[in-house]
Amino acid sequence: EREREREREREREMKGIPVILMGCGGVGRQLIQHIVSCRSIHANQGVRLRVVGVADSKSLISVSDVLTTELDDQSLHEICRLKSNGSSLSAFACLGASHSLSTAEATAAKIAEVTGHLLRSSDYDKLVLHPRRLRHESTVGAGLPVIVSINRLISSGDTVRRIVGSLSGTLGYVMSEVEDGKPFSQVVKTAKSLGYTEPDPRDDLGGMDVARKALIIARLLGQRIELNSIKVESLYPEEMGPKAMDVEEFLANGLPQLDSQIAERVTKAASNGNVLRYACMIEGSRCEVGVQELPKNSALGRLRGSDNVLEVYSRCYSEQPLVIQGAGAGNDTTAAGVLADILDIQDLFT
């Protein structure tokens, strides 16, 4: 009894950080599991993450008083189980849970409205006026320290002159595999079977995911641009797009038509002692995303598999760039990055 009382007293003395989780997909569920499994680590740091609400696209589960209560770990495990089975959070109420449940149609619409506005430069400028309150490391490179590294260079007065990066594990894998002479269509199908691509591989091959990450980096460097300002090279033509053919037809008939074109580009690059990588290039006012011919002995040229690689050239890193490399995808890695961001802003809570 005394031990339990000491434990309760210890919890009362800890700094409580309320967390609302907007989305409970693969990364969201992994984040919940990280929060629960790291309880003792956080307790040693004098911190407790109090999950006070969890939402999916249809429902929101929240505690009645976010200042004093939280969803207990048993409830969090049950939420993860339900979502892993493909159920909506609304099923949580059917289990006799005592926490409040509401439909989140209006909430989801508001979130979409707000996040849509974040793409506008003026709203972004307002957000970054308070950099200590904004953490978004996992939006680029999952758990890799991309944003924090760039911010440290800028804060130290270093001038970032050029950034070249392979920011898609899927496209990194595809381009390194075709380098070995494998047909483009075969590599894409293999990547899909390994779970590297989206259900429709064109979501990766179109390059928009890389463009969004490039936009985030470019804005860190002071560029006032929008997503539609970025030149993006798609690896498939418009006539093979979702409006023209379904996924099955694209995989069976569309992809093989692209093999010879990709193979020719690979051969041409090899004749120059280079390799092809799908990368973003940010330099001055230039921001482009597409296939780049790069030196074989560079960090990007040596890239194999699904890692992300970023080369940062600056005044201090002029000859040899600052290289950031590692797993740039995966629920576990991404969730760990989000958790680290949450703990980074703990000083804002008393």
# chains A, B, ... in the order shown; residues from 1 in each chain; ligands from 1
>>> residues_around(residues="A:Cys287", least_positions_apart="4", cutoff="12 Å", atoms="only C-alpha atoms", output="mmCIF file with N, CA and C atoms, in the first residue's frame")
data_model
loop_
_atom_site.group_PDB
_atom_site.id
_atom_site.type_symbol
_atom_site.label_atom_id
_atom_site.label_comp_id
_atom_site.auth_asym_id
_atom_site.auth_seq_id
_atom_site.Cartn_x
_atom_site.Cartn_y
_atom_site.Cartn_z
ATOM 1 N N ARG A 162 22.801 24.590 -51.149
ATOM 2 C CA ARG A 162 22.155 23.604 -52.022
ATOM 3 C C ARG A 162 21.813 22.361 -51.220
ATOM 4 N N ILE A 163 20.667 21.785 -51.505
ATOM 5 C CA ILE A 163 20.268 20.527 -50.889
ATOM 6 C C ILE A 163 19.808 19.579 -51.988
ATOM 7 N N VAL A 164 20.356 18.376 -51.986
ATOM 8 C CA VAL A 164 19.935 17.330 -52.917
ATOM 9 C C VAL A 164 19.546 16.133 -52.070
ATOM 10 N N GLY A 165 18.358 15.586 -52.310
ATOM 11 C CA GLY A 165 17.931 14.492 -51.453
ATOM 12 C C GLY A 165 17.042 13.475 -52.127
ATOM 13 N N VAL A 210 7.366 13.413 -52.725
ATOM 14 C CA VAL A 210 8.690 14.037 -52.636
ATOM 15 C C VAL A 210 8.565 15.550 -52.750
ATOM 16 N N ALA A 211 7.659 16.011 -53.622
ATOM 17 C CA ALA A 211 7.462 17.452 -53.809
ATOM 18 C C ALA A 211 6.991 18.111 -52.513
ATOM 19 N N ARG A 212 6.085 17.453 -51.789
ATOM 20 C CA ARG A 212 5.606 18.011 -50.527
ATOM 21 C C ARG A 212 6.746 18.133 -49.513
ATOM 22 N N LYS A 213 7.622 17.142 -49.480
ATOM 23 C CA LYS A 213 8.763 17.198 -48.568
ATOM 24 C C LYS A 213 9.744 18.283 -48.998
ATOM 25 N N ALA A 214 9.938 18.419 -50.307
ATOM 26 C CA ALA A 214 10.825 19.469 -50.827
ATOM 27 C C ALA A 214 10.283 20.848 -50.473
ATOM 28 N N LEU A 215 8.960 21.001 -50.515
ATOM 29 C CA LEU A 215 8.328 22.275 -50.163
ATOM 30 C C LEU A 215 8.635 22.646 -48.711
ATOM 31 N N ILE A 216 8.553 21.675 -47.828
ATOM 32 C CA ILE A 216 8.833 21.917 -46.408
ATOM 33 C C ILE A 216 10.273 22.387 -46.222
ATOM 34 N N ILE A 217 11.209 21.716 -46.897
ATOM 35 C CA ILE A 217 12.622 22.090 -46.785
ATOM 36 C C ILE A 217 12.872 23.460 -47.396
ATOM 37 N N ALA A 218 12.300 23.700 -48.572
ATOM 38 C CA ALA A 218 12.501 24.983 -49.248
ATOM 39 C C ALA A 218 12.000 26.136 -48.384
ATOM 40 N N ARG A 219 10.887 25.940 -47.701
ATOM 41 C CA ARG A 219 10.362 26.998 -46.839
ATOM 42 C C ARG A 219 11.239 27.208 -45.612
ATOM 43 N N LEU A 221 14.316 27.160 -45.727
ATOM 44 C CA LEU A 221 15.423 27.970 -46.249
ATOM 45 C C LEU A 221 14.977 29.370 -46.666
ATOM 46 N N GLN A 223 12.377 30.159 -48.835
ATOM 47 C CA GLN A 223 11.673 30.309 -50.100
ATOM 48 C C GLN A 223 10.179 30.476 -49.848
ATOM 49 N N ARG A 224 9.587 31.474 -50.465
ATOM 50 C CA ARG A 224 8.145 31.702 -50.333
ATOM 51 C C ARG A 224 7.467 31.117 -51.567
ATOM 52 N N ILE A 225 7.289 29.818 -51.550
ATOM 53 C CA ILE A 225 6.717 29.128 -52.703
ATOM 54 C C ILE A 225 5.538 28.267 -52.283
ATOM 55 N N GLU A 226 4.750 27.869 -53.273
ATOM 56 C CA GLU A 226 3.630 26.959 -53.076
ATOM 57 C C GLU A 226 3.965 25.631 -53.742
ATOM 58 N N LEU A 227 3.169 24.615 -53.452
ATOM 59 C CA LEU A 227 3.415 23.294 -54.019
ATOM 60 C C LEU A 227 3.378 23.323 -55.546
ATOM 61 N N ASN A 228 2.449 24.110 -56.097
ATOM 62 C CA ASN A 228 2.335 24.147 -57.556
ATOM 63 C C ASN A 228 3.455 24.940 -58.228
ATOM 64 N N SER A 229 4.364 25.522 -57.418
ATOM 65 C CA SER A 229 5.517 26.229 -57.977
ATOM 66 C C SER A 229 6.666 25.268 -58.277
ATOM 67 N N ILE A 230 6.591 24.063 -57.724
ATOM 68 C CA ILE A 230 7.695 23.102 -57.859
ATOM 69 C C ILE A 230 7.562 22.315 -59.158
ATOM 70 N N LYS A 231 8.640 22.239 -59.892
ATOM 71 C CA LYS A 231 8.665 21.442 -61.111
ATOM 72 C C LYS A 231 8.808 19.968 -60.716
ATOM 73 N N VAL A 232 7.812 19.165 -61.065
ATOM 74 C CA VAL A 232 7.778 17.756 -60.662
ATOM 75 C C VAL A 232 7.744 16.857 -61.892
ATOM 76 N N GLU A 233 8.692 15.931 -61.953
ATOM 77 C CA GLU A 233 8.726 14.950 -63.045
ATOM 78 C C GLU A 233 8.028 13.668 -62.597
ATOM 79 N N ALA A 279 15.260 12.522 -57.085
ATOM 80 C CA ALA A 279 15.668 13.384 -55.987
ATOM 81 C C ALA A 279 15.042 14.767 -56.084
ATOM 82 N N CYS A 280 15.087 15.471 -54.973
ATOM 83 C CA CYS A 280 14.723 16.886 -54.975
ATOM 84 C C CYS A 280 16.019 17.685 -55.051
ATOM 85 N N MET A 281 15.960 18.817 -55.719
ATOM 86 C CA MET A 281 17.106 19.709 -55.848
ATOM 87 C C MET A 281 16.639 21.103 -55.445
ATOM 88 N N ILE A 282 17.236 21.626 -54.375
ATOM 89 C CA ILE A 282 16.870 22.952 -53.879
ATOM 90 C C ILE A 282 18.129 23.804 -53.861
ATOM 91 N N GLU A 283 18.119 24.873 -54.647
ATOM 92 C CA GLU A 283 19.289 25.744 -54.756
ATOM 93 C C GLU A 283 18.823 27.145 -55.129
#
>>> closest_residue(among="A:Leu310, A:Leu235, A:Ile35, A:Cys24", to="A:Pro201", atoms="only C-alpha atoms")
A:Leu235
>>> residues_around(residues="A:Ala55", least_positions_apart="2", cutoff="8 Å", atoms="only C-alpha atoms", output="ChimeraX atom specification")
/A:20-24,53,57-61,89,104
>>> write_last_selection(atoms="all heavy atoms", output="mmCIF file, in the first residue's frame")
data_model
loop_
_atom_site.group_PDB
_atom_site.id
_atom_site.type_symbol
_atom_site.label_atom_id
_atom_site.label_comp_id
_atom_site.auth_asym_id
_atom_site.auth_seq_id
_atom_site.Cartn_x
_atom_site.Cartn_y
_atom_site.Cartn_z
ATOM 1 N N ILE A 20 -3.503 14.901 -27.896
ATOM 2 C CA ILE A 20 -4.669 14.504 -28.679
ATOM 3 C C ILE A 20 -4.155 13.948 -29.990
ATOM 4 O O ILE A 20 -3.393 14.612 -30.700
ATOM 5 C CB ILE A 20 -5.611 15.692 -28.949
ATOM 6 C CG1 ILE A 20 -6.137 16.273 -27.635
ATOM 7 C CG2 ILE A 20 -6.773 15.255 -29.838
ATOM 8 C CD1 ILE A 20 -7.011 17.496 -27.820
ATOM 9 N N LEU A 21 -4.533 12.738 -30.295
ATOM 10 C CA LEU A 21 -4.044 12.051 -31.488
ATOM 11 C C LEU A 21 -5.083 12.154 -32.601
ATOM 12 O O LEU A 21 -6.171 11.585 -32.499
ATOM 13 C CB LEU A 21 -3.771 10.583 -31.151
ATOM 14 C CG LEU A 21 -2.989 9.752 -32.161
ATOM 15 C CD1 LEU A 21 -1.613 10.340 -32.403
ATOM 16 C CD2 LEU A 21 -2.868 8.324 -31.666
ATOM 17 N N MET A 22 -4.762 12.908 -33.634
ATOM 18 C CA MET A 22 -5.679 13.083 -34.758
ATOM 19 C C MET A 22 -5.303 12.089 -35.853
ATOM 20 O O MET A 22 -4.451 12.362 -36.701
ATOM 21 C CB MET A 22 -5.607 14.520 -35.299
ATOM 22 C CG MET A 22 -5.748 15.594 -34.227
ATOM 23 S SD MET A 22 -7.246 15.434 -33.233
ATOM 24 C CE MET A 22 -8.494 15.810 -34.446
ATOM 25 N N GLY A 23 -5.922 10.928 -35.812
ATOM 26 C CA GLY A 23 -5.594 9.867 -36.756
ATOM 27 C C GLY A 23 -5.040 8.674 -36.015
ATOM 28 O O GLY A 23 -4.185 8.819 -35.132
ATOM 29 N N CYS A 24 -5.542 7.506 -36.359
ATOM 30 C CA CYS A 24 -5.110 6.299 -35.644
ATOM 31 C C CYS A 24 -4.836 5.182 -36.651
ATOM 32 O O CYS A 24 -5.315 4.064 -36.511
ATOM 33 C CB CYS A 24 -6.178 5.888 -34.630
ATOM 34 S SG CYS A 24 -5.572 4.774 -33.352
ATOM 35 N N GLY A 53 -7.339 12.311 -25.907
ATOM 36 C CA GLY A 53 -8.283 12.137 -27.003
ATOM 37 C C GLY A 53 -7.644 11.427 -28.181
ATOM 38 O O GLY A 53 -6.444 11.568 -28.422
ATOM 39 N N SER A 57 -11.302 9.293 -38.843
ATOM 40 C CA SER A 57 -12.030 10.143 -39.782
ATOM 41 C C SER A 57 -13.514 10.279 -39.459
ATOM 42 O O SER A 57 -14.196 11.162 -39.984
ATOM 43 C CB SER A 57 -11.880 9.593 -41.205
ATOM 44 O OG SER A 57 -12.418 8.284 -41.284
ATOM 45 N N LYS A 58 -14.030 9.424 -38.579
ATOM 46 C CA LYS A 58 -15.464 9.436 -38.287
ATOM 47 C C LYS A 58 -15.814 9.756 -36.842
ATOM 48 O O LYS A 58 -16.887 10.253 -36.556
ATOM 49 C CB LYS A 58 -16.073 8.072 -38.652
ATOM 50 C CG LYS A 58 -16.052 7.755 -40.137
ATOM 51 C CD LYS A 58 -16.749 6.433 -40.405
ATOM 52 C CE LYS A 58 -16.861 6.158 -41.904
ATOM 53 N NZ LYS A 58 -15.560 6.031 -42.549
ATOM 54 N N SER A 59 -14.901 9.455 -35.926
ATOM 55 C CA SER A 59 -15.254 9.577 -34.504
ATOM 56 C C SER A 59 -14.116 10.160 -33.687
ATOM 57 O O SER A 59 -12.955 10.135 -34.105
ATOM 58 C CB SER A 59 -15.623 8.199 -33.926
ATOM 59 O OG SER A 59 -16.637 7.585 -34.690
ATOM 60 N N LEU A 60 -14.484 10.677 -32.521
ATOM 61 C CA LEU A 60 -13.511 11.212 -31.573
ATOM 62 C C LEU A 60 -13.823 10.676 -30.185
ATOM 63 O O LEU A 60 -14.953 10.786 -29.707
ATOM 64 C CB LEU A 60 -13.574 12.742 -31.554
ATOM 65 C CG LEU A 60 -12.833 13.449 -30.412
ATOM 66 C CD1 LEU A 60 -11.331 13.256 -30.563
ATOM 67 C CD2 LEU A 60 -13.190 14.925 -30.368
ATOM 68 N N ILE A 61 -12.829 10.056 -29.568
ATOM 69 C CA ILE A 61 -12.951 9.605 -28.181
ATOM 70 C C ILE A 61 -12.159 10.583 -27.319
ATOM 71 O O ILE A 61 -10.993 10.855 -27.619
ATOM 72 C CB ILE A 61 -12.394 8.184 -28.000
ATOM 73 C CG1 ILE A 61 -13.248 7.183 -28.757
ATOM 74 C CG2 ILE A 61 -12.334 7.804 -26.527
ATOM 75 C CD1 ILE A 61 -12.657 5.792 -28.765
ATOM 76 N N LEU A 89 -13.526 3.950 -34.482
ATOM 77 C CA LEU A 89 -13.509 4.218 -33.046
ATOM 78 C C LEU A 89 -14.904 4.195 -32.436
ATOM 79 O O LEU A 89 -15.058 4.049 -31.223
ATOM 80 C CB LEU A 89 -12.851 5.581 -32.775
ATOM 81 C CG LEU A 89 -11.330 5.658 -32.947
ATOM 82 C CD1 LEU A 89 -10.855 7.075 -32.707
ATOM 83 C CD2 LEU A 89 -10.620 4.687 -32.017
ATOM 84 N N ALA A 104 -17.090 12.920 -35.679
ATOM 85 C CA ALA A 104 -16.066 13.940 -35.941
ATOM 86 C C ALA A 104 -16.165 14.529 -37.333
ATOM 87 O O ALA A 104 -15.190 15.009 -37.873
ATOM 88 C CB ALA A 104 -14.675 13.333 -35.729
#
>>> residues_around(residues="stretch 319-335 of chain A", least_positions_apart="4", cutoff="10 Å", atoms="only C-alpha atoms", output="VMD selection string")
chain A and resid 25 to 35 137 to 146 149 to 150 162 to 170 196 298 to 300 303 305 to 315 339 to 341
>>> residues_around(residues="A:Ser176", least_positions_apart="4", cutoff="12 Å", atoms="only C-alpha atoms", output="compact mmCIF listing (two decimals) with all heavy atoms, in the first residue's frame")
# COMPACT_ATOMS: atom_id res chain seq x y z
N SER A 166 17.24 12.23 -51.75
CA SER A 166 16.33 11.15 -52.13
C SER A 166 15.42 10.94 -50.94
O SER A 166 15.84 10.37 -49.92
CB SER A 166 17.11 9.87 -52.46
OG SER A 166 16.23 8.80 -52.71
N GLY A 169 11.62 6.38 -49.97
CA GLY A 169 12.20 5.05 -49.88
C GLY A 169 11.80 4.19 -51.06
O GLY A 169 12.58 3.40 -51.58
N THR A 170 10.56 4.37 -51.54
CA THR A 170 10.06 3.61 -52.68
C THR A 170 10.86 3.90 -53.93
O THR A 170 11.35 2.99 -54.62
CB THR A 170 8.58 3.95 -52.94
OG1 THR A 170 7.82 3.65 -51.77
CG2 THR A 170 8.04 3.17 -54.12
N LEU A 171 11.02 5.20 -54.24
CA LEU A 171 11.73 5.58 -55.47
C LEU A 171 13.23 5.36 -55.34
O LEU A 171 13.90 5.11 -56.34
CB LEU A 171 11.41 7.03 -55.82
CG LEU A 171 9.94 7.29 -56.15
CD1 LEU A 171 9.70 8.76 -56.48
CD2 LEU A 171 9.48 6.42 -57.31
N GLY A 172 13.75 5.45 -54.11
CA GLY A 172 15.16 5.11 -53.90
C GLY A 172 15.41 3.66 -54.24
O GLY A 172 16.40 3.31 -54.91
N ASP A 180 20.87 -1.90 -61.80
CA ASP A 180 21.45 -3.24 -62.00
C ASP A 180 20.97 -3.91 -63.28
O ASP A 180 21.26 -5.09 -63.51
CB ASP A 180 21.12 -4.13 -60.80
CG ASP A 180 21.79 -3.65 -59.52
OD1 ASP A 180 22.81 -2.96 -59.61
OD2 ASP A 180 21.27 -3.95 -58.42
N GLY A 181 20.17 -3.18 -64.07
CA GLY A 181 19.71 -3.73 -65.34
C GLY A 181 18.35 -4.40 -65.30
O GLY A 181 17.89 -4.95 -66.31
N LYS A 182 17.69 -4.34 -64.18
CA LYS A 182 16.37 -4.96 -64.07
C LYS A 182 15.33 -4.06 -64.75
O LYS A 182 15.42 -2.84 -64.67
CB LYS A 182 15.99 -5.17 -62.60
CG LYS A 182 16.93 -6.11 -61.86
CD LYS A 182 16.58 -6.16 -60.38
CE LYS A 182 17.58 -7.05 -59.62
NZ LYS A 182 17.35 -7.02 -58.17
N PRO A 183 14.34 -4.64 -65.42
CA PRO A 183 13.30 -3.85 -66.06
C PRO A 183 12.53 -3.02 -65.03
O PRO A 183 12.21 -3.48 -63.94
CB PRO A 183 12.39 -4.90 -66.71
CG PRO A 183 13.24 -6.12 -66.83
CD PRO A 183 14.17 -6.09 -65.66
N PHE A 184 12.21 -1.81 -65.41
CA PHE A 184 11.48 -0.87 -64.55
C PHE A 184 10.17 -1.48 -64.05
O PHE A 184 9.84 -1.41 -62.87
CB PHE A 184 11.23 0.42 -65.33
CG PHE A 184 10.45 1.47 -64.57
CD1 PHE A 184 10.99 2.10 -63.46
CD2 PHE A 184 9.19 1.85 -64.99
CE1 PHE A 184 10.28 3.08 -62.77
CE2 PHE A 184 8.47 2.82 -64.31
CZ PHE A 184 9.02 3.44 -63.21
N VAL A 187 10.71 -4.11 -61.38
CA VAL A 187 11.14 -3.53 -60.11
C VAL A 187 9.95 -2.91 -59.36
O VAL A 187 9.80 -3.08 -58.14
CB VAL A 187 12.23 -2.46 -60.35
CG1 VAL A 187 12.52 -1.69 -59.06
CG2 VAL A 187 13.50 -3.11 -60.87
N VAL A 188 9.10 -2.20 -60.09
CA VAL A 188 7.93 -1.58 -59.47
C VAL A 188 6.99 -2.64 -58.89
O VAL A 188 6.49 -2.51 -57.78
CB VAL A 188 7.17 -0.67 -60.46
CG1 VAL A 188 5.86 -0.18 -59.85
CG2 VAL A 188 8.04 0.52 -60.85
N ALA A 191 8.53 -4.02 -55.78
CA ALA A 191 8.39 -3.04 -54.69
C ALA A 191 6.98 -3.08 -54.11
O ALA A 191 6.79 -3.00 -52.90
CB ALA A 191 8.71 -1.64 -55.21
N VAL A 266 19.22 4.99 -67.99
CA VAL A 266 20.20 4.34 -67.11
C VAL A 266 21.52 4.12 -67.85
O VAL A 266 22.60 4.40 -67.31
CB VAL A 266 19.65 2.99 -66.59
CG1 VAL A 266 20.75 2.20 -65.88
CG2 VAL A 266 18.47 3.21 -65.65
N VAL A 275 24.87 7.71 -62.10
CA VAL A 275 23.69 6.88 -61.86
C VAL A 275 22.47 7.78 -61.81
O VAL A 275 22.58 9.01 -61.63
CB VAL A 275 23.80 6.07 -60.55
CG1 VAL A 275 24.91 5.04 -60.64
CG2 VAL A 275 24.00 7.00 -59.36
N LEU A 276 21.29 7.20 -61.94
CA LEU A 276 20.05 7.95 -61.85
C LEU A 276 19.44 7.81 -60.46
O LEU A 276 19.38 6.72 -59.90
CB LEU A 276 19.03 7.45 -62.88
CG LEU A 276 19.39 7.59 -64.36
CD1 LEU A 276 18.25 7.07 -65.23
CD2 LEU A 276 19.72 9.03 -64.73
N ARG A 277 19.01 8.93 -59.91
CA ARG A 277 18.31 8.92 -58.63
C ARG A 277 17.11 9.87 -58.73
O ARG A 277 17.21 10.94 -59.33
CB ARG A 277 19.22 9.37 -57.48
CG ARG A 277 20.36 8.41 -57.20
CD ARG A 277 19.88 7.11 -56.61
NE ARG A 277 20.96 6.19 -56.31
CZ ARG A 277 21.34 5.19 -57.09
NH1 ARG A 277 20.72 4.99 -58.26
NH2 ARG A 277 22.32 4.40 -56.74
N TYR A 278 16.00 9.47 -58.14
CA TYR A 278 14.85 10.36 -58.09
C TYR A 278 15.04 11.24 -56.86
O TYR A 278 15.02 10.75 -55.73
CB TYR A 278 13.53 9.59 -57.99
CG TYR A 278 12.34 10.45 -58.30
CD1 TYR A 278 11.82 10.51 -59.59
CD2 TYR A 278 11.75 11.25 -57.32
CE1 TYR A 278 10.74 11.33 -59.89
CE2 TYR A 278 10.68 12.07 -57.61
CZ TYR A 278 10.18 12.10 -58.91
OH TYR A 278 9.12 12.93 -59.22
N VAL A 291 14.09 12.90 -61.84
CA VAL A 291 15.25 12.03 -62.02
C VAL A 291 16.48 12.90 -62.24
O VAL A 291 16.51 13.75 -63.13
CB VAL A 291 15.04 11.08 -63.22
CG1 VAL A 291 16.28 10.23 -63.43
CG2 VAL A 291 13.81 10.19 -62.98
N LYS A 296 28.44 8.56 -59.29
CA LYS A 296 28.27 7.24 -58.68
C LYS A 296 28.89 7.16 -57.30
O LYS A 296 28.44 6.39 -56.44
CB LYS A 296 28.88 6.18 -59.60
CG LYS A 296 28.48 4.77 -59.27
CD LYS A 296 28.92 3.80 -60.35
CE LYS A 296 28.38 2.40 -60.09
NZ LYS A 296 28.74 1.46 -61.19
N LEU A 300 24.41 10.01 -52.58
CA LEU A 300 23.20 9.61 -53.29
C LEU A 300 23.49 8.52 -54.30
O LEU A 300 22.68 7.61 -54.51
CB LEU A 300 22.57 10.83 -53.99
CG LEU A 300 21.66 11.68 -53.11
CD1 LEU A 300 21.41 13.04 -53.76
CD2 LEU A 300 20.34 10.98 -52.86
N GLY A 301 24.64 8.61 -54.94
CA GLY A 301 25.01 7.60 -55.93
C GLY A 301 25.23 6.23 -55.32
O GLY A 301 24.99 5.20 -55.96
N ARG A 302 25.67 6.21 -54.08
CA ARG A 302 25.93 4.94 -53.39
C ARG A 302 24.67 4.37 -52.73
O ARG A 302 24.70 3.27 -52.19
CB ARG A 302 27.01 5.13 -52.31
CG ARG A 302 28.40 5.45 -52.87
CD ARG A 302 29.45 5.37 -51.77
NE ARG A 302 29.21 6.36 -50.71
CZ ARG A 302 29.70 7.58 -50.70
NH1 ARG A 302 30.48 7.99 -51.70
NH2 ARG A 302 29.45 8.41 -49.70
N LEU A 303 23.59 5.13 -52.79
CA LEU A 303 22.34 4.70 -52.14
C LEU A 303 21.84 3.37 -52.70
O LEU A 303 21.75 3.18 -53.90
CB LEU A 303 21.27 5.77 -52.37
CG LEU A 303 19.84 5.44 -51.90
CD1 LEU A 303 19.80 5.29 -50.39
CD2 LEU A 303 18.87 6.52 -52.36
N ARG A 304 21.52 2.47 -51.79
CA ARG A 304 20.91 1.20 -52.16
C ARG A 304 19.68 0.97 -51.29
O ARG A 304 19.63 1.39 -50.15
CB ARG A 304 21.89 0.02 -51.96
CG ARG A 304 23.24 0.17 -52.62
CD ARG A 304 23.14 0.20 -54.12
NE ARG A 304 22.54 -1.01 -54.68
CZ ARG A 304 22.31 -1.20 -55.97
NH1 ARG A 304 22.60 -0.25 -56.85
NH2 ARG A 304 21.79 -2.33 -56.40
N GLY A 305 18.70 0.29 -51.86
CA GLY A 305 17.52 -0.04 -51.06
C GLY A 305 16.63 1.15 -50.82
O GLY A 305 16.58 2.11 -51.59
N SER A 306 15.92 1.12 -49.69
CA SER A 306 14.86 2.10 -49.44
C SER A 306 15.26 3.20 -48.46
O SER A 306 14.39 3.92 -47.96
CB SER A 306 13.62 1.37 -48.90
OG SER A 306 13.93 0.68 -47.70
N ASP A 307 16.54 3.37 -48.18
CA ASP A 307 16.98 4.45 -47.30
C ASP A 307 16.69 5.81 -47.92
O ASP A 307 16.58 5.96 -49.14
CB ASP A 307 18.48 4.35 -47.02
CG ASP A 307 18.80 3.48 -45.83
OD1 ASP A 307 17.87 2.85 -45.29
OD2 ASP A 307 19.98 3.41 -45.44
>>> closest_residue(among="A:Ser84, A:Asn44, A:Gln186, A:Gln261", to="A:Tyr236", atoms="only C-alpha atoms")
A:Gln261
>>> select_by_dssp(residues="stretch 61-305 of chain A", states="helix (DSSP H, G or I)", output="number ranges by chain")
A: 73-84, 90-93, 105-117, 121-127, 131-133, 137-139, 146-155, 169-178, 184-193, 202-205, 208-220, 227-229, 238-240, 247-271
>>> closest_residue(among="A:Ser156, A:Gln45, A:Thr267, A:Asn274", to="A:Val178", atoms="only C-alpha atoms")
A:Thr267
>>> select_by_dssp(residues="stretch 46-227 of chain A", states="strand (DSSP E)", output="list in words")
Val47, Arg48, Leu49, Arg50, Val51, Val52, Gly53, Val54, Ala55, Ser59, Leu60, Ile61, Ser62, Ser100, Leu101, Ser102, Thr103, Val160, Arg161, Arg162, Ile163, Val164, Gly165 and Ser166 of chain A
>>> write_last_selection(atoms="N, CA and C atoms", output="short mmCIF file (atom, residue, chain, number, x, y, z; two decimals), in the first residue's frame")
data_model
loop_
_atom_site.label_atom_id
_atom_site.label_comp_id
_atom_site.auth_asym_id
_atom_site.auth_seq_id
_atom_site.Cartn_x
_atom_site.Cartn_y
_atom_site.Cartn_z
N VAL A 47 8.29 13.13 -16.62
CA VAL A 47 7.26 13.49 -17.60
C VAL A 47 6.25 12.36 -17.74
N ARG A 48 4.99 12.74 -17.91
CA ARG A 48 3.96 11.75 -18.25
C ARG A 48 3.14 12.29 -19.41
N LEU A 49 3.07 11.51 -20.48
CA LEU A 49 2.24 11.87 -21.62
C LEU A 49 0.83 11.37 -21.36
N ARG A 50 -0.11 12.30 -21.26
CA ARG A 50 -1.50 11.95 -20.98
C ARG A 50 -2.31 12.03 -22.26
N VAL A 51 -2.66 10.89 -22.81
CA VAL A 51 -3.48 10.86 -24.01
C VAL A 51 -4.91 11.17 -23.60
N VAL A 52 -5.42 12.33 -24.02
CA VAL A 52 -6.75 12.76 -23.59
C VAL A 52 -7.80 12.63 -24.69
N GLY A 53 -7.34 12.31 -25.91
CA GLY A 53 -8.28 12.14 -27.00
C GLY A 53 -7.64 11.43 -28.18
N VAL A 54 -8.45 10.63 -28.87
CA VAL A 54 -8.01 9.93 -30.08
C VAL A 54 -9.12 10.05 -31.12
N ALA A 55 -8.77 10.44 -32.34
CA ALA A 55 -9.78 10.61 -33.39
C ALA A 55 -9.39 9.84 -34.64
N SER A 59 -14.90 9.45 -35.93
CA SER A 59 -15.25 9.58 -34.50
C SER A 59 -14.12 10.16 -33.69
N LEU A 60 -14.48 10.68 -32.52
CA LEU A 60 -13.51 11.21 -31.57
C LEU A 60 -13.82 10.68 -30.18
N ILE A 61 -12.83 10.06 -29.57
CA ILE A 61 -12.95 9.61 -28.18
C ILE A 61 -12.16 10.58 -27.32
N SER A 62 -12.78 11.10 -26.28
CA SER A 62 -12.06 12.04 -25.41
C SER A 62 -12.50 11.86 -23.97
N SER A 100 -16.26 9.87 -23.43
CA SER A 100 -17.21 10.49 -24.36
C SER A 100 -16.82 10.19 -25.80
N LEU A 101 -17.83 10.00 -26.62
CA LEU A 101 -17.64 9.69 -28.02
C LEU A 101 -18.51 10.63 -28.83
N SER A 102 -17.92 11.23 -29.86
CA SER A 102 -18.71 12.10 -30.72
C SER A 102 -18.34 11.85 -32.17
N THR A 103 -19.28 12.10 -33.06
CA THR A 103 -18.94 12.00 -34.48
C THR A 103 -18.04 13.17 -34.81
N VAL A 160 23.02 27.86 -46.11
CA VAL A 160 22.75 26.65 -46.88
C VAL A 160 22.60 27.04 -48.34
N ARG A 161 23.45 26.46 -49.19
CA ARG A 161 23.48 26.84 -50.60
C ARG A 161 22.74 25.87 -51.51
N ARG A 162 22.80 24.59 -51.15
CA ARG A 162 22.16 23.60 -52.02
C ARG A 162 21.81 22.36 -51.22
N ILE A 163 20.67 21.79 -51.50
CA ILE A 163 20.27 20.53 -50.89
C ILE A 163 19.81 19.58 -51.99
N VAL A 164 20.36 18.38 -51.99
CA VAL A 164 19.93 17.33 -52.92
C VAL A 164 19.55 16.13 -52.07
N GLY A 165 18.36 15.59 -52.31
CA GLY A 165 17.93 14.49 -51.45
C GLY A 165 17.04 13.48 -52.13
N SER A 166 17.24 12.23 -51.75
CA SER A 166 16.33 11.15 -52.13
C SER A 166 15.42 10.94 -50.94
#
>>> decode(residues="stretch 163-173 of chain A", atoms="C-alpha atoms", output="mmCIF file, in the first residue's frame")
data_model
loop_
_atom_site.group_PDB
_atom_site.id
_atom_site.type_symbol
_atom_site.label_atom_id
_atom_site.label_comp_id
_atom_site.auth_asym_id
_atom_site.auth_seq_id
_atom_site.Cartn_x
_atom_site.Cartn_y
_atom_site.Cartn_z
ATOM 1 C CA ILE A 163 20.268 20.527 -50.889
ATOM 2 C CA VAL A 164 19.935 17.330 -52.917
ATOM 3 C CA GLY A 165 17.931 14.492 -51.453
ATOM 4 C CA SER A 166 16.333 11.154 -52.133
ATOM 5 C CA LEU A 167 13.278 11.455 -49.901
ATOM 6 C CA SER A 168 11.217 8.492 -51.080
ATOM 7 C CA GLY A 169 12.202 5.048 -49.883
ATOM 8 C CA THR A 170 10.062 3.605 -52.683
ATOM 9 C CA LEU A 171 11.726 5.576 -55.469
ATOM 10 C CA GLY A 172 15.159 5.112 -53.903
ATOM 11 C CA TYR A 173 14.620 1.363 -54.097
#
